[in-house]
Structure formats: C-alpha cells, structure tokens
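Peer 1: The structure that follows is given in the form of structure tokens.
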Amino acid sequence: MTIPDITIEPPRLGEPYLLTPGPLTTSYAVKEAMLRDWGSWDDDFRGITLEIRTRLLDLLGEGKEEFDCVPMQGSGSFSVEAMLASFIPLDGKTLVLANGAYGLRSAQTLKYLGRDHTLLDKGDYLPPRGDEVAEILKDDPSISHVVAIHCETSSGILNPIEEISEAVYAAGCKLLVDSMSAFGAIDLKPSEIRYEAIVSSANKCIEGVPGFGFIIARKDELEAAKGNSHSLSLDVHAQWAHMNKTGQWRFTPPTHVVAAFLVALRLHEAEGGVVGRGNRYFENRDVVVSGMRELGFETLLKDRWLSPIIVTFFCPSDENFIFEKFYELMKNKGFIIYPGKLTAVDSFRVGCIGQMDENVMLQVVAAAKGTLEEMGVTSAAPPAIALEERAKLAA
Ligand SMILES: *Cc1c(COP(=O)(O)O)cnc(C)c1O
C-alpha cells in the first residue's frame with residue numbers, strides 16, 4: 001500500500017469528519033430531514049415512529065417475530081438504564097461483564113438502581129470468555145441475569161457474545177446486551193444468538209443524530225417488565241404499552257431527531273442493511289489499520305479482536321509526539337480523532353463508523369503521515385511496555 005502525500009479535500013459543509021463513535025458524521029440527507037417541524041401527536045409523526053420501530057425490528061432478521069422495539073428519549077445510557085431497570089426484577093442478581101468504561105457504567109447503573117450485582121472486571125480490554133462466565137454462574141446460583149457489552153467502544157474490542165450467550169443460557173440465566181456501538185453493522189440474529197433484550201441508540205451505526213435510544217426485547221419480557229422500573233420516564237414497559245395503544249411516545253419525543261433517523265434507516269437499507277453497512281465499516285477499518293501500521297503505529301488489539309467500529313492505537317514513544325498537538329493538527333486537516341481510554345499506556349482512537357468510506361480513511365492516514373512530519377516524529381513505534389500489554393491478549 002502506498003500512502004499518498006497529504007491532499008485533503010475540504011470536508012463537506014466545511015466541517016471536520018468525526019472519527020468518533022457517535023456523534024458521528026451523518027449524511028446531508030439526514031441533516032436536511034431536520035429542517036421541518038412535526039407535531040408529536042399528529043398522524044404523520046406517529047407513522048414515522050411506527051416505521052422506525054418496524055425497520056429496527058427488521059434488522060434482527062430471522063426470529064424477529066418474538067421481539068418488539070421500544071424507542072426511548074435521551075442518550076444511549078438512558079436506554080441502558082431503562083433496560084436494566086425494566087428487565088431485571090427487584091430481587092434479581094446480575095453478573096456484569098466489563099472490559100472497559102461501558103461495562104463499568106452498567107455496573108454503576110445497577111448500583112444506582114439498588115439492584116444486587118457482581119462484576120467480572122477484565123480491565124481495559126481483555127475479553128470476558130464463555131468458560132469464565134460459566135464458572136462464575138456455576139459458583140453463584142443466585143445470579144439470574146448477565147449484562148454483556150457487544151463492542152466495548154472504549155477499546156474497540158468485539159466481545160465474544162456468542163460464547164457468552166451459550167454460557168448464560170446453559171446456566172439457566174438471561175442475557176441483556178449493550179449493543180450500542182455494534183447494532184446495525186454487526187449481526188445479532190435471535191436465530192443465532194439468544195438474548196432477552198438489546199439496546200442501541202440513534203447516533204451509532206444507523207448514522208442518525210443523537211437524541212434517543214431504543215430497546216429491542218422479547219415480547220414476553222416486555223409483558224413481564226410491568227412494575228419493575230424505579231423510574232417513571234425510563235419505564236420500558238410503560239413506554240411500550242403506551243406506544244402500542246396510541247402510536248405516541250409518552251413524553252415529548254425529539255421530533256427532528258426521529259424524523260432524521262427514519263432517513264438514516266432508509267439509507268441503511270439502501271446500502272444493503274446490516275451486511276452492507278458492516279462491510280463498509282470493515283473496509284474503513286482495514287484501510288486505516290494497514291495504513292497506520294505502515295506508518296509504524298501499532299494497534300492495542302490483535303487482529304482477531306479488532307472491531308469494525310473503532311480502533312485503539314498506541315501513542316508513539318518518540319519524545320516529539322504530544323497527543324494534544326497531534327489532535328489539533330489532525331483537526332486542522334479535517335479529522336477529529338478520539339483520545340484513548342487505557343490506564344497503563346497512552347493511546348488514541350480512530351472511529352470507522354459514520355458517513356466515511358475507504359477514500360476518507362486513506363486521507364486520514366495521509367493526514368497522520370503529514371502530522372508526524374510536522375511534529376518531527378521520526379518513529380511512530382510505541383514504547384516497549386505497550387507491546388508487553390498487548391502480549392497478554394490471546395491471538
Ligand atoms: C455510546 C455507547 C453508550 C451510550 O453512551 P451515551 O453517551 O449515553 O450515548 C453505551 N454503551 C456503549 C458500548 C456505547 O458505545
């Protein structure tokens with residue numbers, strides 16, 4: 001692969017590309033859909049809500065008939081909280097599988113909710129494995145639910161959700177999945193992976209703008225959720241029952257965001273659905289990973305664990321490399337990257353999701369090349385300790 005010298009096209013509308021895992025760069029059509037006002041009680045808007053729910057269910061594929069979709073106002077974390085509070089009964093006990101910030105956030109949410117839980121904390125990025133989960137569930141028969149993160153966006157790891165699901169159901173427990181950053185780009189077919197509920201939001205792989213999330217759950221779980229929630233506004237059962245009865249959201253919906261999301265879903269379908277969207281993201285990832293490696297950068301994760309959502313790179317050990325400066329110079333070239341979240345070593349992240357293709361990713365690599373030159377960084381190689389870290393991860 002030859003990395004071109006930097007020839008950045010002006011970013012569209014003069015704004016930089018967001019190489020961040022949501023909010024992300026949306027298409028012009030999605031932005032344009034927000035130029036009109038909607039009455040939330042009006043038939044037209046109710047039609048939008050219904051089409052969104054139907055289209056989201058369609059993304060499940062085979063087995064979708066047993067599920068329903070409940071949109072919920074707020075950012076993704078509001079929907080996670082709504083899911084946990086609604087589907088875990090007050091006397092349930094939950095095992096949270098954490099290998100990054102979002103797993104820990106679920107555990108923290110359960111603490112706020114006063115729901116009994118135990119945590120498997122694998123640190124910054126090591127994946128929770130099926131056999132470990134089986135072991136924990138065997139040792140503690142009081143556990144009723146397991147919460148797993150599909151793609152842990154803080155490192156970019158794609159967790160082994162299939163083997164986790166197998167262990168959970170072999171032990172007679174129920175699985176709830178935070179698929180926030182993966183849903184819409186990575187299959188989660190109920191015919192292949194068992195779960196009770198998943199959660200995602202408008203501003204991730206469907207490429208909408210932020211403002212609401214959605215819970216997709218088995219209808220029998222939705223029925224059984226009545227009375228579980230501690231919260232009026234986050235009660236998934238109440239939102240579901242009201243929406244089915246009236247076609248409306250219980251409280252003011254983010255109307256413009258919802259209208260834009262419908263356009264985003266239609267574009268998602270036009271791209272070939274989950275497979276088409278996923279393929280573009282895989283290509284984005286492959287181009288940025290091979291290009292950055294060619295510049296001397298190293299990824300935190302070995303290839304087997306790299307998701308097509310976001311990639312963590314180690315910061316170079318070269319003393320001329322200062323992340324804040326790298327960030328500014330990349331931004332000047334039209335690319336907003338994302339600081340890393342590792343505790344032991346410095347890192348940064350590059351998102352692969354949003355309205356970007358392999359050509360944009362090639363420009364990202366070119367921008368990184370030019371930026372290293374401007375900073376006087378001669379080697380992008382990470383410190384030895386970073387590679388020792390990575391060695392802990394199975395291939
Ligand atoms: C984005 C994200 C969330 C939700 O974050 P918000 O900032 O509340 O939208 C939750 N879990 C994962 C894995 C995410 O990537």
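So you can find residues: chains in the structure tokens are A, B, ... in the order shown, residues in each start at 1, and ligands are numbered from 1 in order.
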For the strand (DSSP E) assignment from backbone DSSP, which residues of range 24-110 of chain A qualify? Please present them as number ranges by chain.
Peer 2: A: 67-73, 93-98
Peer 1: Output the selection as a tab-separated table (two decimals), in the first residue's frame - N, CA, C and O atoms for each residue.
Peer 2:
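The result, written out as result31.tsv:
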```
chain	number	residue	atom	x	y	z
A	67	PHE	N	-39.97	-10.42	19.10
A	67	PHE	CA	-39.44	-9.20	19.72
A	67	PHE	C	-40.30	-7.98	19.39
A	67	PHE	O	-41.08	-7.98	18.44
A	68	ASP	N	-40.14	-6.95	20.19
A	68	ASP	CA	-40.70	-5.66	19.84
A	68	ASP	C	-39.65	-4.58	20.15
A	68	ASP	O	-38.69	-4.83	20.89
A	69	CYS	N	-39.86	-3.41	19.56
A	69	CYS	CA	-38.87	-2.34	19.67
A	69	CYS	C	-39.49	-1.14	20.39
A	69	CYS	O	-40.57	-0.69	20.01
A	70	VAL	N	-38.79	-0.64	21.38
A	70	VAL	CA	-39.29	0.49	22.16
A	70	VAL	C	-38.27	1.62	22.14
A	70	VAL	O	-37.23	1.54	22.78
A	71	PRO	N	-38.56	2.69	21.39
A	71	PRO	CA	-37.66	3.85	21.43
A	71	PRO	C	-37.77	4.58	22.77
A	71	PRO	O	-38.84	4.55	23.40
A	72	MET	N	-36.69	5.20	23.19
A	72	MET	CA	-36.66	5.89	24.49
A	72	MET	C	-35.86	7.18	24.36
A	72	MET	O	-34.75	7.17	23.81
A	73	GLN	N	-36.43	8.28	24.83
A	73	GLN	CA	-35.74	9.56	24.78
A	73	GLN	C	-34.42	9.52	25.55
A	73	GLN	O	-34.29	8.76	26.51
A	93	LYS	N	-30.40	-10.93	40.59
A	93	LYS	CA	-28.97	-10.66	40.80
A	93	LYS	C	-28.27	-10.74	39.46
A	93	LYS	O	-28.48	-11.68	38.69
A	94	THR	N	-27.45	-9.76	39.18
A	94	THR	CA	-26.88	-9.61	37.84
A	94	THR	C	-25.36	-9.75	37.85
A	94	THR	O	-24.69	-9.20	38.72
A	95	LEU	N	-24.86	-10.48	36.87
A	95	LEU	CA	-23.41	-10.51	36.63
A	95	LEU	C	-23.12	-9.54	35.49
A	95	LEU	O	-23.68	-9.67	34.40
A	96	VAL	N	-22.26	-8.55	35.74
A	96	VAL	CA	-21.87	-7.60	34.70
A	96	VAL	C	-20.49	-7.98	34.19
A	96	VAL	O	-19.55	-8.15	34.98
A	97	LEU	N	-20.38	-8.12	32.88
A	97	LEU	CA	-19.09	-8.45	32.26
A	97	LEU	C	-18.47	-7.17	31.74
A	97	LEU	O	-18.98	-6.56	30.80
A	98	ALA	N	-17.37	-6.76	32.37
A	98	ALA	CA	-16.78	-5.47	32.00
A	98	ALA	C	-15.36	-5.65	31.47
A	98	ALA	O	-14.56	-6.42	32.01
```
Peer 1: With only C-alpha atoms and all ligand atoms counted, collect every polymer residue having an atom within 6 Å of ligand 1; state the result as a ChimeraX atom specification.
Peer 2: /A:75-77,102,149,151-153,178,180-181
Peer 1: Would you save the residues of that selection, restricted to N, CA, C and O atoms, as a short mmCIF file (atom, residue, chain, number, x, y, z; two decimals), in the first residue's frame?
Peer 2:
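The result, stored in part.cif:
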```cif
data_model
loop_
_atom_site.label_atom_id
_atom_site.label_comp_id
_atom_site.auth_asym_id
_atom_site.auth_seq_id
_atom_site.Cartn_x
_atom_site.Cartn_y
_atom_site.Cartn_z
N SER A 75 -29.89 10.01 25.68
CA SER A 75 -28.71 9.40 25.05
C SER A 75 -28.74 7.90 25.30
O SER A 75 -29.63 7.38 25.99
N GLY A 76 -27.76 7.20 24.76
CA GLY A 76 -27.73 5.74 24.88
C GLY A 76 -27.78 5.24 26.32
O GLY A 76 -28.44 4.24 26.62
N SER A 77 -27.10 5.94 27.21
CA SER A 77 -27.05 5.48 28.61
C SER A 77 -28.43 5.48 29.25
O SER A 77 -28.71 4.69 30.15
N TYR A 102 -17.80 1.11 29.38
CA TYR A 102 -19.24 0.91 29.26
C TYR A 102 -19.73 -0.24 30.12
O TYR A 102 -20.84 -0.19 30.66
N ILE A 149 -21.37 -6.37 27.04
CA ILE A 149 -21.18 -5.29 26.09
C ILE A 149 -20.76 -5.93 24.76
O ILE A 149 -19.80 -6.70 24.74
N CYS A 151 -19.79 -4.52 21.44
CA CYS A 151 -18.49 -3.91 21.12
C CYS A 151 -18.19 -2.95 22.26
O CYS A 151 -18.95 -2.00 22.48
N GLU A 152 -17.13 -3.20 23.01
CA GLU A 152 -16.74 -2.27 24.10
C GLU A 152 -15.99 -1.12 23.43
O GLU A 152 -14.83 -1.23 23.03
N THR A 153 -16.71 -0.02 23.29
CA THR A 153 -16.23 1.10 22.48
C THR A 153 -15.00 1.79 23.09
O THR A 153 -14.29 2.51 22.39
N ASP A 178 -25.69 -4.71 25.76
CA ASP A 178 -25.45 -3.33 25.32
C ASP A 178 -24.76 -3.43 23.96
O ASP A 178 -23.56 -3.65 23.87
N MET A 180 -24.85 -1.04 21.79
CA MET A 180 -24.94 0.37 21.38
C MET A 180 -24.14 0.66 20.10
O MET A 180 -24.66 1.21 19.14
N SER A 181 -22.86 0.30 20.12
CA SER A 181 -21.99 0.71 19.03
C SER A 181 -21.87 -0.35 17.93
O SER A 181 -21.12 -0.16 16.98
#
```
Peer 1: Quick one: which range 188-288 of chain A residues come within 8 Å of range 158-167 of chain A, and what is the nearest atom pair for each with the distance in Å to one decimal, counting only C-alpha atoms, rows ordered by chain and ascending number, as a Markdown table?
Peer 2:
```
| residue | atom | partner | partner_atom | distance |
| --- | --- | --- | --- | --- |
| A:Ile193 | CA | A:Glu162 | CA | 5.9 |
| A:Arg194 | CA | A:Ser165 | CA | 6.2 |
| A:Tyr195 | CA | A:Ser165 | CA | 7.0 |
```
Peer 1: Quote the spacing between CA of Leu175 in chain A and CA of Arg349 in chain A in Å to one decimal place.
Peer 2: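 Computing the Euclidean distance for CA of Leu175 in chain A and CA of Arg349 in chain A yields 28.8 Å.
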Peer 1: Give me the residues near Asp286 in chain A as a list in words, where near means some atom within 9 Å (using only C-alpha atoms) and where sequence neighbours in that chain fewer than 4 positions away do not count.
Peer 2: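 Within the cut-off, the hits are Tyr281, Phe282, Ser290, Gly291, Pro308 and Glu358 of chain A.
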